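S.K.: After the structure tokens below, expect a handful of questions from me.
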Amino acid sequence: MTGHEHQSASVSPVGSPMAAFAHGFSLPMRAVNLLLTTRGLKRFAALPLVFNVLLYVLFLAGAVWLIGLIDVQVGPWEFWWGFGGWLSTAINWSLGPLKWLVAVPVLLLLCYYTFTMVGLIVAAPFNDMLSERVERAICEPKEKQSLPLRVTTALMVQSMLDAIGILGRQILWTLLVLPLIFVPLVGFLPLFLVGAHFAGLGYFDTSMARNNLRNRHKAPVLRVHRWELLGFGVAMQLLFLIPFVGLLMLPVGVTAGTILYTRIDWERALREAGLERPTGFIPPRPRFNTE
């Protein structure tokens, strides 16, 4: 890695909104390259992936078992000289397959729209370990700070609350745009963009929360980099649509979010926002260019 040029991080977005979107869109591929070429990262990438996949396998197995227990039937109908009985039998016969025709797409959609945020919350310790290792691989070593256990615990709780807050906002916006799904041709787009926005935000937030940045510190950077985050989120949502490949995207997203985090001049961002460094925060200093 010593052959790479030193990176000049900046709080400014990459050129125009279109260029910023394209840069964000390319982040997952940069993350894949970093994971494959940096020694020692793969095992940390596997931890959140395995944990989240196992969680969803258990969820799907439980859901399938519960749905299988549901026995939906209509009672016997007696009218039209036996026609009612035949009709009720035919309906009962079709309700079984119909139950699964409805349940399977609903379960798949539920997994698609929750996999990222649930993974970022329940696998948070593993995501933090991966993000920290990625930051170490990219940046100059940090001076170790010894914080009291009380402060460390409070910061961890606050980070989890931030992630839950993002999930809550995603659920709210999803419910607001969900009725638009019935609009022909373009009805899916608002729902997709909501998912993309919160995917980019969630992956980026892993590094910010791990470094003790709170919402007031994040807000100015999120505004400036909104197009990069949207491009990043759109790329992640599209990759997640690829069968089986989508399951691998959790560590890729965490890595990509960390790459974006290290590219930002946080000293300048906080100074321009009139904010002081939060407790325990040490700005990243990249050793090489990840572009």
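Residues are referred to by chain and number: the chain letter is A, B, ... according to the order shown in the structure tokens, the number counts from 1 in that chain, and ligands are numbered separately from 1 in the order shown.
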Give me the region 141-209 of chain A side of the contact with region 234-248 of chain A, cut-off 10 Å, one line per residue showing its nearest atom pair and distance in Å at one decimal, counting only C-alpha atoms, sorted by chain and residue number, as a tab-separated table.
M.R.:
residue	atom	partner	partner_atom	distance
A:Phe192	CA	A:Gln237	CA	7.7
A:Leu193	CA	A:Val234	CA	7.2
A:Val194	CA	A:Val234	CA	9.6
A:Gly195	CA	A:Gln237	CA	7.3
A:Ala196	CA	A:Val234	CA	4.8
A:His197	CA	A:Val234	CA	7.5
A:Phe198	CA	A:Val234	CA	9.9
A:Ala199	CA	A:Met236	CA	7.2
A:Gly200	CA	A:Met236	CA	7.7
A:Tyr203	CA	A:Met236	CA	9.8
S.K.: For the selection just defined, write its residues with N, CA and C atoms to a file, as an mmCIF file, in the first residue's frame.
M.R.:
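Just written: result-v9.cif:
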data_model
loop_
_atom_site.group_PDB
_atom_site.id
_atom_site.type_symbol
_atom_site.label_atom_id
_atom_site.label_comp_id
_atom_site.auth_asym_id
_atom_site.auth_seq_id
_atom_site.Cartn_x
_atom_site.Cartn_y
_atom_site.Cartn_z
ATOM 1 N N PHE A 192 -38.023 2.541 -3.695
ATOM 2 C CA PHE A 192 -36.627 2.178 -3.945
ATOM 3 C C PHE A 192 -35.691 3.286 -3.468
ATOM 4 N N LEU A 193 -36.039 4.538 -3.753
ATOM 5 C CA LEU A 193 -35.179 5.662 -3.371
ATOM 6 C C LEU A 193 -35.136 5.845 -1.859
ATOM 7 N N VAL A 194 -36.248 5.601 -1.197
ATOM 8 C CA VAL A 194 -36.247 5.660 0.267
ATOM 9 C C VAL A 194 -35.295 4.603 0.827
ATOM 10 N N GLY A 195 -35.395 3.389 0.290
ATOM 11 C CA GLY A 195 -34.486 2.331 0.726
ATOM 12 C C GLY A 195 -33.038 2.672 0.440
ATOM 13 N N ALA A 196 -32.779 3.270 -0.725
ATOM 14 C CA ALA A 196 -31.411 3.638 -1.095
ATOM 15 C C ALA A 196 -30.862 4.718 -0.168
ATOM 16 N N HIS A 197 -31.683 5.722 0.110
ATOM 17 C CA HIS A 197 -31.240 6.807 0.994
ATOM 18 C C HIS A 197 -30.822 6.276 2.358
ATOM 19 N N PHE A 198 -31.661 5.435 2.927
ATOM 20 C CA PHE A 198 -31.372 4.959 4.276
ATOM 21 C C PHE A 198 -30.297 3.875 4.282
ATOM 22 N N ALA A 199 -30.124 3.171 3.173
ATOM 23 C CA ALA A 199 -29.009 2.223 3.087
ATOM 24 C C ALA A 199 -27.681 2.973 3.115
ATOM 25 N N GLY A 200 -27.561 4.008 2.278
ATOM 26 C CA GLY A 200 -26.337 4.805 2.279
ATOM 27 C C GLY A 200 -26.083 5.451 3.629
ATOM 28 N N TYR A 203 -25.032 2.682 6.374
ATOM 29 C CA TYR A 203 -23.655 2.192 6.253
ATOM 30 C C TYR A 203 -22.650 3.282 6.626
#
S.K.: Quick one: residues within 7 Å of Pro251 (chain A), only C-alpha atoms, excluding same-chain residues fewer than 3 positions away - as a count of residues only?
M.R.: 6
S.K.: With a distance cut-off of 9 Å and only C-alpha atoms, select the neighbouring residues of region 95-107 of chain A, excluding the residue or stretch itself and same-chain residues fewer than 4 positions from it, and output the selection as a count of residues only.
M.R.: 13
S.K.: Find the nearest atom pair between each residue of region 139-231 of chain A and region 257-274 of chain A for residues within 8 Å, count only C-alpha atoms, give distances in Å to one decimal, sort rows by chain and ascending number, and present the table as a Markdown table.
M.R.:
| residue | atom | partner | partner_atom | distance |
| --- | --- | --- | --- | --- |
| A:Cys139 | CA | A:Thr262 | CA | 7.5 |
| A:Gly200 | CA | A:Gly257 | CA | 7.5 |
| A:Tyr203 | CA | A:Gly257 | CA | 5.1 |
| A:Phe204 | CA | A:Gly257 | CA | 4.2 |
| A:Asp205 | CA | A:Gly257 | CA | 7.5 |
| A:Thr206 | CA | A:Gly257 | CA | 7.4 |
| A:Ser207 | CA | A:Thr258 | CA | 5.6 |
| A:Met208 | CA | A:Tyr261 | CA | 7.2 |
| A:His217 | CA | A:Leu270 | CA | 6.7 |
| A:Pro220 | CA | A:Ala273 | CA | 6.8 |
| A:Val221 | CA | A:Ala269 | CA | 6.8 |
S.K.: Generate a file of the selected residues that holds N, CA, C and O atoms, formatted as a short mmCIF file (atom, residue, chain, number, x, y, z; two decimals), in the first residue's frame.
M.R.:
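Below you can see out.cif, which holds the result:
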data_model
loop_
_atom_site.label_atom_id
_atom_site.label_comp_id
_atom_site.auth_asym_id
_atom_site.auth_seq_id
_atom_site.Cartn_x
_atom_site.Cartn_y
_atom_site.Cartn_z
N CYS A 139 -5.83 4.48 7.16
CA CYS A 139 -5.39 5.71 7.83
C CYS A 139 -4.12 5.51 8.67
O CYS A 139 -3.72 4.39 8.98
N GLY A 200 -27.56 4.01 2.28
CA GLY A 200 -26.34 4.81 2.28
C GLY A 200 -26.08 5.45 3.63
O GLY A 200 -24.96 5.43 4.15
N TYR A 203 -25.03 2.68 6.37
CA TYR A 203 -23.66 2.19 6.25
C TYR A 203 -22.65 3.28 6.63
O TYR A 203 -21.63 3.01 7.26
N PHE A 204 -22.92 4.51 6.23
CA PHE A 204 -22.03 5.61 6.56
C PHE A 204 -22.04 5.89 8.06
O PHE A 204 -21.02 6.24 8.67
N ASP A 205 -23.20 5.71 8.67
CA ASP A 205 -23.34 6.02 10.10
C ASP A 205 -22.54 5.07 10.98
O ASP A 205 -22.19 5.43 12.10
N THR A 206 -22.25 3.87 10.48
CA THR A 206 -21.47 2.93 11.29
C THR A 206 -20.15 3.54 11.72
O THR A 206 -19.77 3.46 12.90
N SER A 207 -19.44 4.15 10.79
CA SER A 207 -18.15 4.77 11.13
C SER A 207 -18.32 6.01 11.98
O SER A 207 -17.54 6.26 12.91
N MET A 208 -19.33 6.81 11.67
CA MET A 208 -19.54 8.04 12.44
C MET A 208 -19.90 7.71 13.88
O MET A 208 -19.37 8.32 14.82
N HIS A 217 -23.12 16.64 14.87
CA HIS A 217 -21.85 16.62 14.14
C HIS A 217 -22.03 16.05 12.73
O HIS A 217 -21.32 16.44 11.81
N PRO A 220 -24.11 18.52 9.15
CA PRO A 220 -23.52 19.31 8.05
C PRO A 220 -22.85 18.46 6.99
O PRO A 220 -22.90 18.77 5.79
N VAL A 221 -22.23 17.36 7.40
CA VAL A 221 -21.56 16.47 6.43
C VAL A 221 -22.60 15.73 5.59
O VAL A 221 -22.42 15.56 4.38
#
S.K.: Listing only residues of region 17-45 of chain A within 12 Å of region 121-133 of chain A, what is the closest atom pair and its distance in Å (to one decimal) for each, using only C-alpha atoms, sorted by chain and residue number ascending, as JSON lines?
M.R.:
{"residue": "A:Ala31", "atom": "CA", "partner": "A:Ser131", "partner_atom": "CA", "distance": 11.3}
{"residue": "A:Leu34", "atom": "CA", "partner": "A:Arg133", "partner_atom": "CA", "distance": 11.4}
{"residue": "A:Leu35", "atom": "CA", "partner": "A:Leu130", "partner_atom": "CA", "distance": 10.2}
{"residue": "A:Thr38", "atom": "CA", "partner": "A:Arg133", "partner_atom": "CA", "distance": 10.1}
{"residue": "A:Arg39", "atom": "CA", "partner": "A:Arg133", "partner_atom": "CA", "distance": 10.4}
{"residue": "A:Gly40", "atom": "CA", "partner": "A:Arg133", "partner_atom": "CA", "distance": 8.5}
{"residue": "A:Leu41", "atom": "CA", "partner": "A:Arg133", "partner_atom": "CA", "distance": 6.9}
{"residue": "A:Lys42", "atom": "CA", "partner": "A:Leu130", "partner_atom": "CA", "distance": 9.0}
{"residue": "A:Arg43", "atom": "CA", "partner": "A:Leu130", "partner_atom": "CA", "distance": 8.8}
{"residue": "A:Phe44", "atom": "CA", "partner": "A:Leu130", "partner_atom": "CA", "distance": 5.2}
{"residue": "A:Ala45", "atom": "CA", "partner": "A:Leu130", "partner_atom": "CA", "distance": 6.0}
S.K.: I need the residues in region 60-177 of chain A that are helix (DSSP H, G or I) according to DSSP; give them as a count of residues only.
M.R.: 94
S.K.: List as a list in words the protein and nucleic acid residues near region 20-30 of chain A, meaning an atom at most 6 Å away when only C-alpha atoms are counted, but skip any in the same chain fewer than 6 places from it.
M.R.: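 These residues fall inside the cut-off: Val14, Trp227, Glu228, Leu229, Gly231, Phe232, Ala235 and Ala256 of chain A.
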S.K.: Do you know which residues are at most 10 Å from Leu167 (chain A) counting only C-alpha atoms, after dropping those on the same chain fewer than 6 positions away, and could you put them as a PDB file with N, CA and C atoms, in the first residue's frame?
M.R.:
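Listed below is the output, result.pdb:
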ATOM      1  N   THR A 114     -35.383  -4.864   5.060  1.00  0.00           N
ATOM      2  CA  THR A 114     -34.919  -4.779   6.448  1.00  0.00           C
ATOM      3  C   THR A 114     -33.516  -5.338   6.649  1.00  0.00           C
ATOM      4  N   THR A 116     -30.522  -4.654   5.586  1.00  0.00           N
ATOM      5  CA  THR A 116     -29.446  -3.703   5.868  1.00  0.00           C
ATOM      6  C   THR A 116     -29.554  -3.129   7.272  1.00  0.00           C
ATOM      7  N   MET A 117     -30.711  -2.526   7.582  1.00  0.00           N
ATOM      8  CA  MET A 117     -30.827  -1.834   8.855  1.00  0.00           C
ATOM      9  C   MET A 117     -30.819  -2.800  10.028  1.00  0.00           C
ATOM     10  N   VAL A 118     -31.464  -3.945   9.879  1.00  0.00           N
ATOM     11  CA  VAL A 118     -31.430  -4.935  10.961  1.00  0.00           C
ATOM     12  C   VAL A 118     -29.999  -5.422  11.173  1.00  0.00           C
ATOM     13  N   LEU A 120     -27.288  -3.772  10.540  1.00  0.00           N
ATOM     14  CA  LEU A 120     -26.493  -2.701  11.133  1.00  0.00           C
ATOM     15  C   LEU A 120     -26.757  -2.558  12.626  1.00  0.00           C
ATOM     16  N   ILE A 121     -27.936  -2.991  13.071  1.00  0.00           N
ATOM     17  CA  ILE A 121     -28.265  -2.881  14.496  1.00  0.00           C
ATOM     18  C   ILE A 121     -27.825  -4.129  15.256  1.00  0.00           C
ATOM     19  N   LEU A 161     -28.845   3.717  19.715  1.00  0.00           N
ATOM     20  CA  LEU A 161     -30.058   4.529  19.619  1.00  0.00           C
ATOM     21  C   LEU A 161     -30.097   5.302  18.304  1.00  0.00           C
ATOM     22  N   TRP A 173     -40.918   6.676   6.493  1.00  0.00           N
ATOM     23  CA  TRP A 173     -40.916   7.084   5.090  1.00  0.00           C
ATOM     24  C   TRP A 173     -41.397   5.958   4.177  1.00  0.00           C
ATOM     25  N   PHE A 198     -31.661   5.435   2.927  1.00  0.00           N
ATOM     26  CA  PHE A 198     -31.372   4.959   4.276  1.00  0.00           C
ATOM     27  C   PHE A 198     -30.297   3.875   4.282  1.00  0.00           C
ATOM     28  N   ALA A 199     -30.124   3.171   3.173  1.00  0.00           N
ATOM     29  CA  ALA A 199     -29.009   2.223   3.087  1.00  0.00           C
ATOM     30  C   ALA A 199     -27.681   2.973   3.115  1.00  0.00           C
ATOM     31  N   GLY A 202     -27.229   4.495   6.585  1.00  0.00           N
ATOM     32  CA  GLY A 202     -26.949   3.499   7.615  1.00  0.00           C
ATOM     33  C   GLY A 202     -25.521   2.993   7.568  1.00  0.00           C
TER      34      GLY A 202
END
S.K.: Between A:Asn212, A:Ser16, A:Asn52, A:Ser94, single out the one closest to His225 (chain A), counting only C-alpha atoms.
M.R.: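 The shortest atom-to-atom distance to His225 (chain A) comes from A:Ser16.
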